[in-house]
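Raw target-v3.txt, compact mmCIF, C-alpha atoms:
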# COMPACT_ATOMS: atom_id res chain seq x y z
CA MET K 193 -153.98 -0.93 19.10
CA LYS K 194 -153.58 -1.42 15.38
CA LEU K 195 -155.80 0.54 13.00
CA TYR K 196 -157.29 -2.73 11.74
CA ASN K 197 -158.42 -3.64 15.26
CA VAL K 198 -159.99 -0.22 15.77
CA LEU K 199 -161.88 -0.42 12.48
CA GLU K 200 -162.93 -4.00 13.14
CA SER K 201 -164.37 -3.06 16.55
CA LEU K 202 -166.29 -0.19 14.96
CA ILE K 203 -167.69 -2.40 12.22
CA LEU K 204 -168.65 -5.34 14.42
CA GLU K 205 -171.64 -4.84 16.67
CA SER K 206 -170.23 -5.39 20.13
CA VAL K 207 -172.23 -6.34 23.18
CA ARG K 208 -173.47 -3.40 25.24
CA VAL K 209 -173.00 -3.84 28.99
CA ASP K 210 -176.50 -2.44 29.65
CA ASP K 211 -178.05 -5.06 27.35
CA LEU K 212 -176.09 -7.85 29.02
CA VAL K 213 -177.05 -6.73 32.56
CA ASP K 214 -180.69 -6.34 31.51
CA SER K 215 -180.71 -9.85 30.06
CA VAL K 216 -179.26 -11.34 33.26
CA GLU K 217 -181.65 -9.37 35.51
CA ASN K 218 -184.75 -10.13 33.45
CA HIS K 219 -183.91 -13.72 32.47
CA LYS K 220 -183.94 -13.04 28.73
CA VAL K 221 -183.03 -15.78 26.28
CA CYS K 222 -180.62 -14.29 23.73
CA LYS K 223 -179.17 -15.07 20.32
CA ILE K 224 -175.49 -14.26 19.92
CA TYR K 225 -172.72 -14.79 17.43
CA TYR K 226 -169.67 -16.19 19.24
CA GLU K 227 -166.15 -16.22 17.83
CA GLY K 228 -164.33 -17.53 20.91
CA ASP K 229 -160.59 -17.91 21.26
CA ASP K 230 -159.53 -21.36 20.19
CA ILE K 231 -162.87 -22.71 19.07
CA LYS K 232 -163.26 -24.57 15.80
CA SER K 233 -166.88 -23.65 15.25
CA PRO K 234 -167.77 -19.97 15.51
CA GLY K 235 -171.41 -19.15 14.93
CA ASP K 236 -174.87 -18.40 16.28
CA ARG K 237 -175.87 -19.65 19.72
CA ILE K 238 -179.06 -19.43 21.76
CA ILE K 239 -178.18 -18.75 25.41
CA GLN K 240 -179.63 -18.04 28.83
CA PRO K 241 -177.24 -15.57 30.55
CA TYR K 242 -176.90 -16.18 34.31
CA VAL K 243 -173.77 -14.47 35.67
CA TYR K 244 -171.75 -11.54 34.30
CA GLY K 245 -168.31 -10.88 35.75
CA VAL K 246 -164.53 -11.07 35.36
CA SER K 247 -162.66 -14.32 34.70
CA LYS K 248 -159.49 -15.38 36.49
CA ALA K 249 -157.64 -14.29 33.32
CA GLY K 250 -159.06 -10.76 33.70
CA ASN K 251 -161.61 -10.87 30.86
CA ASP K 252 -165.26 -9.85 31.10
CA VAL K 253 -167.24 -13.07 30.82
CA VAL K 254 -170.78 -14.36 31.10
CA ARG K 255 -171.84 -17.77 32.43
CA VAL K 256 -174.58 -19.06 30.17
CA TRP K 257 -176.69 -22.11 29.60
CA GLN K 258 -176.43 -22.76 25.86
CA GLN K 259 -179.71 -24.16 24.57
CA GLN K 260 -178.77 -24.62 20.94
CA GLY K 261 -176.45 -23.49 18.18
CA VAL K 262 -172.86 -23.96 17.13
CA THR K 263 -170.33 -25.18 19.69
CA ASP K 264 -167.26 -27.38 20.06
CA SER K 265 -168.74 -29.10 23.13
CA GLU K 266 -172.03 -30.60 24.29
CA ILE K 267 -175.32 -28.75 24.16
CA PRO K 268 -177.39 -28.04 25.98
CA GLY K 269 -174.87 -27.17 28.66
CA TRP K 270 -173.05 -24.60 30.76
CA LYS K 271 -170.52 -22.35 29.00
CA LEU K 272 -168.26 -19.49 30.09
CA LEU K 273 -168.10 -16.99 27.23
CA ARG K 274 -165.86 -13.97 26.78
CA VAL K 275 -167.92 -10.85 26.22
CA ASP K 276 -165.41 -9.38 23.76
CA LYS K 277 -165.84 -12.46 21.55
CA MET K 278 -169.62 -12.05 21.28
CA THR K 279 -171.40 -10.01 18.61
CA ARG K 280 -175.01 -9.60 17.53
CA PHE K 281 -176.35 -9.96 21.07
CA GLU K 282 -180.15 -9.95 20.66
CA PRO K 283 -182.96 -10.98 23.02
CA THR K 284 -185.24 -13.54 21.35
CA GLY K 285 -188.39 -12.39 23.16
CA GLU K 286 -188.37 -15.53 25.32
CA THR K 287 -187.54 -15.67 29.04
CA PHE K 288 -186.56 -18.38 31.52
CA ASP K 289 -188.21 -18.60 34.94
CA THR K 290 -186.22 -21.21 36.84
CA PRO K 291 -182.47 -21.80 36.96
CA MET K 292 -180.88 -24.81 35.31
CA ASP K 293 -179.35 -27.48 37.58
CA GLN K 294 -175.99 -26.55 39.11
CA TYR K 295 -176.57 -22.80 38.77
CA ASN K 296 -174.24 -20.94 41.15
CA PRO K 297 -174.74 -17.17 41.47
CA ASN K 298 -171.24 -17.01 43.04
CA ASP K 299 -169.49 -18.51 40.02
CA LYS K 300 -166.15 -20.01 41.11
CA ASP K 301 -164.54 -19.21 37.75
CA MET K 302 -164.96 -15.46 38.28
CA THR K 303 -162.88 -13.17 40.47
CA LYS K 304 -165.48 -10.41 40.38
CA ILE K 305 -169.22 -10.61 39.72
CA TYR K 306 -171.08 -7.65 38.29
CA LYS K 307 -174.53 -9.27 38.10
CA SER K 308 -176.10 -12.65 38.90
CA ALA K 309 -179.60 -13.78 38.00
CA GLU K 310 -181.94 -13.91 40.97
CA PHE K 311 -184.79 -16.40 41.22

So that I can check it, write out the structure of this file as C-alpha cells.
Amino acid sequence: MKLYNVLESLILESVRVDDLVDSVENHKVCKIYYEGDDIKSPGDRIIQPYVYGVSKAGNDVVRVWQQQGVTDSEIPGWKLLRVDKMTRFEPTGETFDTPMDQYNPNDKDMTKIYKSAEF
C-alpha cells in the first residue's frame, strides 16, 4: 500500500464495523458521505441500512434504502454500497420500524451475510 493511501485512510473517518452492525440491528437511519467507485456525484446520503455482508466481488457492502441525498440513480430506492467507500457514518437519531418493499434478508448480491435487519 502506498504511503498516500495509508495517510488518507488515517485522515478519513472510516466506518466502524460495530457501528454498522448496531445500525442494522437497531434499525437506525444514518447519514453517510459516499464516494463510490464510478459514480459522478459523491456526497451526503441519508440511508436505512438493512443487510451487511460481502459482495460477489469480495468487498464488504451494505444494502440500504436511500431516502435522500446525492446519487447517480433514483431516490428513494435500494442501493448496494461498498463500506470502504463510505465515510462520516453517523446515526441521525431516527429509526425505521418496518422494512421497505422488496426487502430480502438473504440478499442475492452477497456471497456472505454478516448481519440482516430483523422485523

Excluding region 268-275 of chain K and any residue of its chain fewer than 4 positions from it, enumerate the residues within 7 Å of it, using only C-alpha atoms, and give them as a ChimeraX atom specification.
/K:207,251-260

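With only C-alpha atoms as the atoms that count, the residue of K:Lys277, K:Arg208, K:Lys307, K:Lys223 with the shortest distance to Ile239 (chain K) is K:Lys223.
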
Would you pick out the contacts of Lys304 (chain K) at 12 Å or less, using all atoms listed in the file, so that residues sharing its chain but fewer than 4 positions from it are not included, and give the list as a VMD selection string?
chain K and resid 243 to 254 297 to 300 308

Pick from K:Tyr306, K:Tyr295, K:Phe281, K:Tyr226, whichever lies nearest to Gly261 (chain K) using all atoms listed in the file
K:Tyr226

With 8 Å of padding per side, what axis-aligned box (centre and edge lengths, Å, one decimal) covers all the listed atoms of region 220-234 of chain K? Give it as JSON.
{"center_x": -171.7, "center_y": -18.8, "center_z": 22.0, "size_x": 40.4, "size_y": 27.5, "size_z": 29.5}

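Distance-wise, CA of Thr263 (chain K) and CA of Thr284 (chain K) end up 19.0 Å apart.
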
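For the pair CA of Thr303 (chain K) and CA of Glu217 (chain K), the separation is 19.8 Å.
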
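The smallest atom-to-atom distance between Asn218 (chain K) and any of K:Asp276, K:Glu310, K:Asp230, K:Asp264, using only C-alpha atoms, is found for K:Glu310.
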
What separates CA of Thr287 (chain K) and CA of Ile224 (chain K) is a distance of 15.2 Å

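Distances here use all atoms listed in the file; by that measure, the residue among K:Glu266, K:Ala309, K:Cys222, K:Glu227 closest to Glu282 (chain K) is K:Cys222.
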
Nearest-residue call for Pro291 (chain K), choices K:Ser233, K:Leu212, K:Phe311, K:Tyr225, using only C-alpha atoms:
K:Phe311

Residue with smallest distance to Gln294 (chain K) - pool K:Ser215, K:Ile267, K:Val209, K:Tyr242, counting all atoms listed in the file:
K:Tyr242
